[in-house]
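work_30.csv (CSV, C-alpha atoms) appears below.
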chain,number,residue,atom,x,y,z
A,1,MET,CA,143.4,52.0,58.2
A,2,ASN,CA,140.1,53.4,59.2
A,3,TYR,CA,140.6,57.2,59.8
A,4,PHE,CA,137.1,57.7,61.2
A,5,LYS,CA,137.3,55.5,64.3
A,6,PRO,CA,140.0,57.4,66.3
A,7,GLY,CA,138.1,60.7,66.0
A,8,LEU,CA,134.8,59.0,66.8
A,9,ARG,CA,136.3,57.3,69.9
A,10,GLU,CA,137.8,60.7,71.0
A,11,ILE,CA,134.5,62.5,70.6
A,12,GLY,CA,132.8,59.8,72.7
A,13,ARG,CA,135.6,60.1,75.4
A,14,LYS,CA,135.3,63.9,75.4
A,15,LEU,CA,131.5,63.7,75.9
A,16,ASP,CA,132.0,61.2,78.7
A,17,ARG,CA,134.5,63.4,80.4
A,18,GLN,CA,132.2,66.4,80.2
A,19,ARG,CA,129.4,64.2,81.7
A,20,HIS,CA,131.8,63.0,84.5
A,21,ARG,CA,132.9,66.6,85.2
A,22,LEU,CA,129.3,67.7,85.5
A,23,ARG,CA,128.7,64.8,87.9
A,24,SER,CA,131.9,65.7,89.8
A,25,ARG,CA,130.7,69.3,90.3
A,26,ILE,CA,127.3,68.1,91.5
A,27,ALA,CA,129.0,65.6,93.8
A,28,ARG,CA,131.4,68.2,95.2
A,29,ARG,CA,128.5,70.5,95.9
A,30,ASP,CA,126.7,67.7,97.7
A,31,LEU,CA,129.8,66.8,99.5
A,32,THR,CA,130.3,70.3,100.7
A,33,LYS,CA,126.8,70.4,102.1
A,34,ALA,CA,127.2,67.0,103.7
A,35,GLU,CA,130.5,68.0,105.3
A,36,THR,CA,129.0,71.2,106.5
A,37,SER,CA,126.0,69.3,107.9
A,38,LEU,CA,128.4,66.9,109.6
A,39,GLY,CA,130.2,69.8,111.2
A,40,LEU,CA,127.0,71.3,112.4
A,41,LEU,CA,125.8,68.1,114.0
A,42,GLY,CA,129.1,67.1,115.6
A,43,TRP,CA,131.0,70.3,116.4
A,44,GLN,CA,130.3,70.1,120.1
A,45,GLN,CA,131.2,66.5,120.8
A,46,ALA,CA,134.9,66.0,119.9
A,47,GLU,CA,138.3,67.2,121.0
A,48,PHE,CA,140.0,69.1,118.2
A,49,ASP,CA,143.5,70.2,117.3
A,50,PRO,CA,144.2,73.9,118.0
A,51,GLN,CA,143.5,75.0,114.4
A,52,THR,CA,140.1,73.2,114.3
A,53,GLN,CA,139.4,74.4,117.9
A,54,ALA,CA,139.8,77.9,116.6
A,55,GLU,CA,136.9,77.2,114.1
A,56,VAL,CA,134.8,75.9,117.1
A,57,ASP,CA,135.6,79.1,119.0
A,58,LYS,CA,134.4,81.1,116.0
A,59,ILE,CA,131.1,79.2,116.0
A,60,ASP,CA,130.7,79.9,119.7
A,61,ALA,CA,131.2,83.6,119.1
A,62,TYR,CA,128.8,83.5,116.1
A,63,GLU,CA,126.2,81.7,118.3
A,64,ARG,CA,126.5,84.3,121.1
A,65,GLU,CA,126.2,87.2,118.6
A,66,GLN,CA,123.2,85.5,116.9
A,67,ALA,CA,121.5,85.0,120.2
A,68,ARG,CA,122.0,88.7,121.1
A,69,LEU,CA,120.8,89.8,117.7
A,70,THR,CA,117.8,87.4,117.8
A,71,ASN,CA,116.8,88.9,121.2
A,72,GLU,CA,117.1,92.4,119.8
A,73,SER,CA,115.1,91.4,116.8
A,74,ALA,CA,112.4,90.0,119.0
A,75,GLY,CA,112.3,93.2,121.1
A,76,LEU,CA,111.9,95.2,117.9
A,77,ALA,CA,109.1,92.8,116.7
A,78,LYS,CA,107.3,93.4,120.0
A,79,GLU,CA,107.7,97.2,119.7
A,80,LEU,CA,106.5,97.0,116.1
A,81,ARG,CA,103.4,95.0,117.2
A,82,GLU,CA,102.6,97.5,119.9
A,83,LEU,CA,103.1,100.5,117.6
A,84,ARG,CA,100.8,99.0,114.9
A,85,GLU,CA,98.2,98.3,117.6
A,86,GLN,CA,98.6,101.8,118.9
A,87,ARG,CA,98.2,103.2,115.3
A,88,GLU,CA,95.1,101.1,114.7
A,89,ALA,CA,93.5,102.1,118.0
A,90,ALA,CA,94.2,105.8,117.2
A,91,ARG,CA,92.7,105.4,113.8
A,92,LYS,CA,89.6,103.8,115.2
A,93,ILE,CA,89.2,106.7,117.7
A,94,PHE,CA,89.7,109.2,114.9
A,95,GLU,CA,87.2,107.5,112.7
A,96,GLU,CA,84.6,107.4,115.5
A,97,GLN,CA,85.1,111.1,116.3
A,98,ARG,CA,84.8,112.0,112.6
A,99,ARG,CA,81.8,109.8,112.2
A,100,LYS,CA,80.0,111.5,115.1
A,101,VAL,CA,80.8,115.0,113.8
A,102,GLN,CA,79.8,114.0,110.2
A,103,LEU,CA,76.5,112.6,111.5
A,104,GLU,CA,75.7,115.8,113.4
A,105,ARG,CA,76.6,117.8,110.4
A,106,ALA,CA,74.5,115.7,108.1
A,107,THR,CA,71.5,115.9,110.5
A,108,LEU,CA,71.9,119.7,110.6
A,109,LEU,CA,72.1,119.9,106.8
A,110,GLN,CA,68.9,117.8,106.4
A,111,THR,CA,66.8,120.6,107.8
A,112,HIS,CA,68.2,123.4,105.7
A,113,PRO,CA,66.3,122.7,102.4
A,114,GLY,CA,62.9,122.9,104.3
A,115,ILE,CA,63.9,126.1,106.2
A,116,GLU,CA,65.2,127.7,103.0
A,117,LYS,CA,62.0,126.8,101.1
A,118,THR,CA,59.8,128.2,103.9
A,119,LEU,CA,61.9,131.4,104.0
A,120,ALA,CA,61.7,131.8,100.3
A,121,ASP,CA,57.9,131.4,100.4
A,122,LYS,CA,57.6,134.0,103.3
A,123,ARG,CA,59.7,136.5,101.3
A,124,LYS,CA,57.5,136.0,98.3
A,125,THR,CA,54.4,136.9,100.2
A,126,GLU,CA,56.0,139.9,102.0
A,127,PRO,CA,55.7,142.4,99.0
A,128,THR,CA,51.9,141.9,99.2
A,129,PHE,CA,51.7,144.3,102.2
A,130,GLU,CA,53.8,147.0,100.6
A,131,LYS,CA,51.8,146.7,97.4
A,132,ARG,CA,48.4,146.5,98.9
A,133,MET,CA,48.7,149.3,101.5
A,134,PRO,CA,49.1,152.2,98.9
A,135,GLU,CA,46.2,150.8,97.0
A,136,ILE,CA,44.0,150.8,100.2
A,137,GLU,CA,45.2,154.4,101.0
A,138,ARG,CA,44.1,155.5,97.5
A,139,GLU,CA,40.8,153.8,97.9
A,140,VAL,CA,40.3,155.4,101.3
A,141,ARG,CA,40.9,158.9,99.9
A,142,GLY,CA,38.5,158.2,97.0
A,143,ILE,CA,35.9,157.0,99.5
A,144,ASN,CA,36.3,160.0,101.7
A,145,ARG,CA,36.0,162.4,98.8
A,146,LEU,CA,32.9,160.7,97.5
A,147,TYR,CA,31.4,160.4,101.0
A,148,ASN,CA,31.9,164.2,101.6
A,149,GLU,CA,30.4,165.0,98.3
A,150,LEU,CA,27.3,162.9,98.9
A,151,LEU,CA,27.1,164.1,102.5
A,152,THR,CA,27.1,167.8,101.5
A,153,ALA,CA,24.6,167.4,98.7
A,154,GLU,CA,21.5,169.7,99.1
A,155,LYS,CA,19.0,166.9,98.3
A,156,GLN,CA,19.8,163.3,99.0
A,157,THR,CA,18.1,160.7,97.1
A,158,PRO,CA,17.5,157.1,98.3
A,159,GLN,CA,20.3,156.0,96.0
A,160,MET,CA,22.7,158.5,97.6
A,161,LYS,CA,21.7,157.4,101.0
A,162,GLU,CA,22.3,153.8,100.0
A,163,GLU,CA,25.7,154.7,98.6
A,164,LEU,CA,26.6,156.6,101.8
A,165,MET,CA,25.8,153.4,103.7
A,166,ARG,CA,27.9,151.3,101.4
A,167,LEU,CA,30.8,153.8,101.7
A,168,ARG,CA,30.6,153.6,105.6
A,169,GLU,CA,30.6,149.8,105.5
A,170,ARG,CA,33.6,149.8,103.1
A,171,THR,CA,35.5,152.2,105.3
A,172,VAL,CA,35.0,149.8,108.2
A,173,ALA,CA,36.0,146.9,106.0
A,174,ILE,CA,39.1,148.7,104.9
A,175,ALA,CA,40.1,149.4,108.5
A,176,ASN,CA,39.8,145.7,109.3
A,177,GLU,CA,41.8,144.8,106.1
A,178,LYS,CA,44.5,147.2,107.1
A,179,ALA,CA,44.7,145.8,110.6
A,180,ASP,CA,44.8,142.2,109.1
A,181,LEU,CA,47.5,143.2,106.7
A,182,ARG,CA,49.6,144.8,109.4
A,183,ASN,CA,49.2,141.7,111.6
A,184,GLN,CA,50.2,139.4,108.7
A,185,HIS,CA,53.1,141.7,107.9
A,186,LEU,CA,54.4,141.7,111.5
A,187,ARG,CA,53.9,137.9,111.8
A,188,ALA,CA,55.7,137.3,108.4
A,189,VAL,CA,58.6,139.6,109.4
A,190,SER,CA,58.9,137.8,112.8
A,191,GLU,CA,58.9,134.4,111.1
A,192,ILE,CA,61.4,135.5,108.5
A,193,ARG,CA,63.7,136.8,111.1
A,194,ALA,CA,63.3,133.6,113.2
A,195,LEU,CA,64.1,131.5,110.1
A,196,GLU,CA,67.1,133.7,109.2
A,197,THR,CA,68.3,133.5,112.8
A,198,GLU,CA,68.0,129.7,112.7
A,199,LEU,CA,69.9,129.5,109.4
A,200,GLU,CA,72.6,131.7,110.7
A,201,ARG,CA,72.9,129.7,113.9
A,202,ASP,CA,73.1,126.4,111.9
A,203,ARG,CA,75.7,127.9,109.6
A,204,ALA,CA,77.8,129.0,112.6
A,205,THR,CA,77.4,125.4,114.0
A,206,LEU,CA,78.4,124.0,110.7
A,207,ALA,CA,81.5,126.2,110.6
A,208,VAL,CA,82.4,124.9,114.1
A,209,LEU,CA,81.8,121.3,113.0
A,210,ASP,CA,83.9,121.8,109.9
A,211,LYS,CA,86.7,123.3,111.9
A,212,GLN,CA,86.4,120.4,114.4
A,213,LEU,CA,86.8,117.9,111.5
A,214,ARG,CA,89.8,119.8,110.1
A,215,ASP,CA,91.4,119.8,113.6
A,216,TYR,CA,90.7,116.1,114.1
A,217,GLN,CA,92.2,115.4,110.7
A,218,THR,CA,95.3,117.5,111.4
A,219,GLN,CA,95.9,116.0,114.8
A,220,PHE,CA,95.4,112.5,113.5
A,221,ASP,CA,97.7,113.0,110.5
A,222,ALA,CA,100.5,114.4,112.7
A,223,SER,CA,100.1,111.6,115.2
A,224,ASP,CA,99.8,108.9,112.5
A,225,SER,CA,102.8,110.3,110.6
A,226,GLN,CA,104.9,110.2,113.8
A,227,VAL,CA,103.9,106.6,114.6
A,228,ALA,CA,104.4,105.5,111.0
A,229,GLY,CA,107.9,107.0,111.1
A,230,GLN,CA,108.7,105.1,114.2
A,231,ILE,CA,107.4,101.9,112.6
A,232,ARG,CA,109.5,102.5,109.5
A,233,THR,CA,112.6,103.1,111.6
A,234,ARG,CA,112.1,99.9,113.6
A,235,GLU,CA,111.3,97.9,110.4
A,236,ARG,CA,114.6,99.1,108.9
A,237,GLU,CA,116.5,98.3,112.1
A,238,LYS,CA,114.8,94.9,112.3
A,239,SER,CA,115.7,94.2,108.6
A,240,ARG,CA,119.3,95.2,109.2
A,241,ILE,CA,119.5,92.9,112.2
A,242,GLU,CA,117.9,90.0,110.3
A,243,ARG,CA,120.4,90.5,107.4
A,244,GLU,CA,123.2,90.5,110.0
A,245,ILE,CA,121.8,87.2,111.5
A,246,ASN,CA,121.7,85.7,108.0
A,247,SER,CA,125.2,87.0,107.4
A,248,ILE,CA,126.5,85.3,110.6
A,249,GLU,CA,124.6,82.1,109.6
A,250,THR,CA,126.4,82.2,106.3
A,251,ALA,CA,129.7,82.9,108.0
A,252,LYS,CA,129.3,79.8,110.2
A,253,THR,CA,129.2,77.7,107.0
A,254,ASN,CA,133.0,77.7,106.6
A,255,PRO,CA,133.8,76.7,110.2
A,256,TYR,CA,131.2,74.0,110.0
A,257,LEU,CA,132.7,72.8,106.7
A,258,GLN,CA,136.2,72.7,108.2
A,259,ILE,CA,135.0,70.9,111.3
A,260,GLY,CA,133.0,68.4,109.2
A,261,ARG,CA,136.1,67.6,107.2
A,262,VAL,CA,138.1,67.0,110.3
A,263,LEU,CA,135.3,64.8,111.7
A,264,ALA,CA,135.2,62.8,108.5
A,265,ASP,CA,139.0,62.4,108.3
A,266,SER,CA,138.9,61.3,112.0
A,267,ASP,CA,136.0,58.9,111.3
A,268,VAL,CA,133.9,60.6,114.1
A,269,ALA,CA,130.1,60.4,113.6
A,270,PRO,CA,127.5,62.6,115.4
A,271,MET,CA,126.0,60.6,118.3
A,272,ASN,CA,122.5,61.4,117.4
A,273,GLN,CA,122.8,61.1,113.6
A,274,PRO,CA,125.6,58.7,112.6
A,275,GLY,CA,124.3,58.6,109.0
A,276,ALA,CA,125.7,62.0,108.4
A,277,LEU,CA,129.3,60.5,108.4
A,278,ASP,CA,128.2,57.7,106.1
A,279,LYS,CA,126.8,60.2,103.6
A,280,VAL,CA,130.1,62.1,103.5
A,281,LYS,CA,132.1,58.8,103.0
A,282,ARG,CA,129.7,57.8,100.2
A,283,LEU,CA,130.1,61.1,98.4
A,284,ARG,CA,133.9,61.1,98.9
A,285,GLY,CA,133.9,57.6,97.4
A,286,LYS,CA,131.7,58.8,94.5
A,287,LEU,CA,134.2,61.6,93.8
A,288,VAL,CA,137.1,59.3,93.8
A,289,GLU,CA,135.3,57.0,91.3
A,290,ILE,CA,134.4,59.9,89.0
A,291,ASP,CA,138.0,61.3,89.1
A,292,HIS,CA,139.2,57.8,88.3
A,293,LEU,CA,136.9,57.6,85.3
A,294,ILE,CA,138.2,60.9,84.0
A,295,ARG,CA,141.8,59.9,84.5
A,296,LEU,CA,141.2,56.6,82.6
A,297,SER,CA,139.6,58.6,79.7
A,298,LEU,CA,142.6,61.0,79.6
A,299,GLU,CA,145.0,58.0,79.6
A,300,ALA,CA,143.1,56.4,76.7
A,301,THR,CA,143.3,59.7,74.7
A,302,ALA,CA,147.1,59.8,75.5
A,303,MET,CA,147.5,56.3,74.0
A,304,GLU,CA,146.1,57.4,70.6
A,305,ASP,CA,148.5,58.4,67.8
A,306,ARG,CA,148.4,62.2,67.9
A,307,ASP,CA,148.7,62.7,64.1
A,308,THR,CA,146.1,60.1,63.3
A,309,LEU,CA,143.7,61.5,65.9
A,310,ARG,CA,144.2,65.0,64.7
A,311,PHE,CA,143.5,64.0,61.1
A,312,SER,CA,140.4,62.0,62.2
A,313,LEU,CA,139.0,64.9,64.2
A,314,MET,CA,139.6,67.2,61.2
A,315,MET,CA,137.7,64.8,58.9
A,316,TRP,CA,134.8,64.7,61.4
A,317,GLY,CA,134.9,68.5,61.6
A,318,ILE,CA,134.6,68.8,57.8
A,319,ILE,CA,131.7,66.3,57.8
A,320,ALA,CA,129.9,68.3,60.5
A,321,PHE,CA,130.5,71.6,58.6
A,322,VAL,CA,129.2,70.2,55.3
A,323,THR,CA,126.2,68.7,57.1
A,324,LEU,CA,125.4,72.0,58.6
A,325,LEU,CA,125.6,73.7,55.2
A,326,LEU,CA,123.2,71.2,53.8
A,327,VAL,CA,120.8,71.6,56.6
A,328,LEU,CA,120.8,75.4,56.2
A,329,ALA,CA,120.4,75.1,52.5
A,330,ALA,CA,117.3,72.9,53.0
A,331,ILE,CA,115.6,75.4,55.3
A,332,PRO,CA,112.8,77.2,53.3
A,333,ARG,CA,113.4,80.9,52.9
A,334,GLY,CA,111.0,83.8,53.1
Please rewrite the model in this file as structure tokens.
Amino acid sequence: MNYFKPGLREIGRKLDRQRHRLRSRIARRDLTKAETSLGLLGWQQAEFDPQTQAEVDKIDAYEREQARLTNESAGLAKELRELREQREAARKIFEEQRRKVQLERATLLQTHPGIEKTLADKRKTEPTFEKRMPEIEREVRGINRLYNELLTAEKQTPQMKEELMRLRERTVAIANEKADLRNQHLRAVSEIRALETELERDRATLAVLDKQLRDYQTQFDASDSQVAGQIRTREREKSRIEREINSIETAKTNPYLQIGRVLADSDVAPMNQPGALDKVKRLRGKLVEIDHLIRLSLEATAMEDRDTLRFSLMMWGIIAFVTLLLVLAAIPRG
């Protein structure tokens, strides 16, 4: 007696059964979809028993609730669109206001370096007056002393007369120089004050512009934060409604499935898509065929001698174990 064949046959049958069970699971999943689709297509066109009618009533209720939620979601979508448009418009207004103020500020700052340089130059020349006037006063006193000495001399030589003439001319020149220095001093002081006033005025304007920028930013941030909060609230509400709509859509699956099974059992096809019923029948037939193949395989296993089959499977198990050991031993190590 060949002890290898029973085990080999059983291994083949087991593999076939696993393959058929996998086909069965796929076919049952497809059948559920097909029956649900049949119920979806034909739930409004047949008279049902009270139990199935209750499923139809559930679908009606689900449809009404979905319609209400869909309208509510559409309203929220409209509000979200308007809020986003409002937010974008407010941002554009803010950006335009800020751009104008920044342009005015930049224009004002462009003139400062030139004013500050001119002011620095004026301040550098200002000490000339304070330094030069004492020198002139000392020179005047020296000229007056020398002039008096020459003027009171008993005998004046031509050289002394010439020196007296020079001293008188220098006295006049000094008077003119002092007048020029005073005029220059007054003009410089006036220009310095004008430049300082201009700078102070510009700094005050800059302070006003900076405050204006801060106020614009604060107002925009507060308004934008409020609108952003409203947008987030409506987005959460819309997401909740959409999840509820999806939940209802999922809940409708079971009534559609039950109705589809009733339609298939009653051989009622949707008027617009009769092929939906044919698909259900085809899948049901396929399941019957697969279940029949599994049943035949189990019957064949039951007809085998249990002891012989157990011994054969044990031998194949030993062979598989030894083969595995040989394979592992043949793998190169480290």
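Between CA of Leu8 (chain A) and CA of Met314 (chain A) lies a distance of 11.0 Å.
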- Within 12 Å of region 79-91 of chain A, counting all atoms listed in the file, which residues qualify if same-chain residues fewer than 5 places away don't, as a ChimeraX atom specification? /A:72-74,96-99,216-217,219-238
- Message: Give me, as a PyMOL selection string, all polymer residues having an atom no more than 12 Å from Arg168 (chain A), counting only C-alpha atoms and skipping those fewer than 3 positions away in the same chain.
- Response: chain A and resi 140+143-144+146-148+150-151+161-165+171-175
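Relative to CA of Glu104 (chain A), CA of Arg214 (chain A) is found at 15.0 Å.
Between CA of Ala300 (chain A) and CA of Glu10 (chain A) lies a distance of 8.9 Å.
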- Non-local contacts of region 109-118 of chain A (10 Å; only C-alpha atoms; under 4 positions in same chain excluded) as number ranges by chain: A: 103-105, 122-124, 191-192, 195-196, 198-199, 202-203, 206
- Compile the contact shell of Asp278 (chain A) as a list in words: residues with an atom at most 10 Å away, counting only C-alpha atoms, same-chain residues fewer than 2 positions apart removed. Ala34, Leu38, Ala264, Asp267, Ala269, Gln273, Pro274, Gly275, Ala276, Val280, Lys281, Arg282, Leu283 and Arg284 of chain A
- Name the residues within 12 Å of (135.1, 62.3, 95.1), counting only C-alpha atoms in the file's coordinates, and put them as number ranges by chain. A: 20-21, 23-32, 280-294
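With all atoms listed in the file as the basis for measurement, A:Leu209 is the residue among A:Ala329, A:Leu277, A:Leu296, A:Leu209 that approaches Val101 (chain A) most closely.
The residue that comes closest to Arg170 (chain A), out of A:Ile245, A:Ile136, A:Leu41, A:Ala207 and on the basis of all atoms listed in the file, is A:Ile136.
Counting all atoms listed in the file and comparing A:Ala179, A:Leu108, A:Ala251, A:Ala61, the residue that lies closest to Arg201 (chain A) is A:Leu108.
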- Do you know which residues are at most 9 Å from Leu263 (chain A) counting all atoms listed in the file, after dropping those on the same chain fewer than 2 positions away, and could you put them as a PyMOL selection string? chain A and resi 35+38-39+42-43+46+258-261+265-270+277
- Message: Restricting the calculation to all atoms listed in the file: of A:Val327, A:Leu313, A:Leu181, A:Ile319, which residue gets closest to Lys5 (chain A)?
- Response: A:Leu313
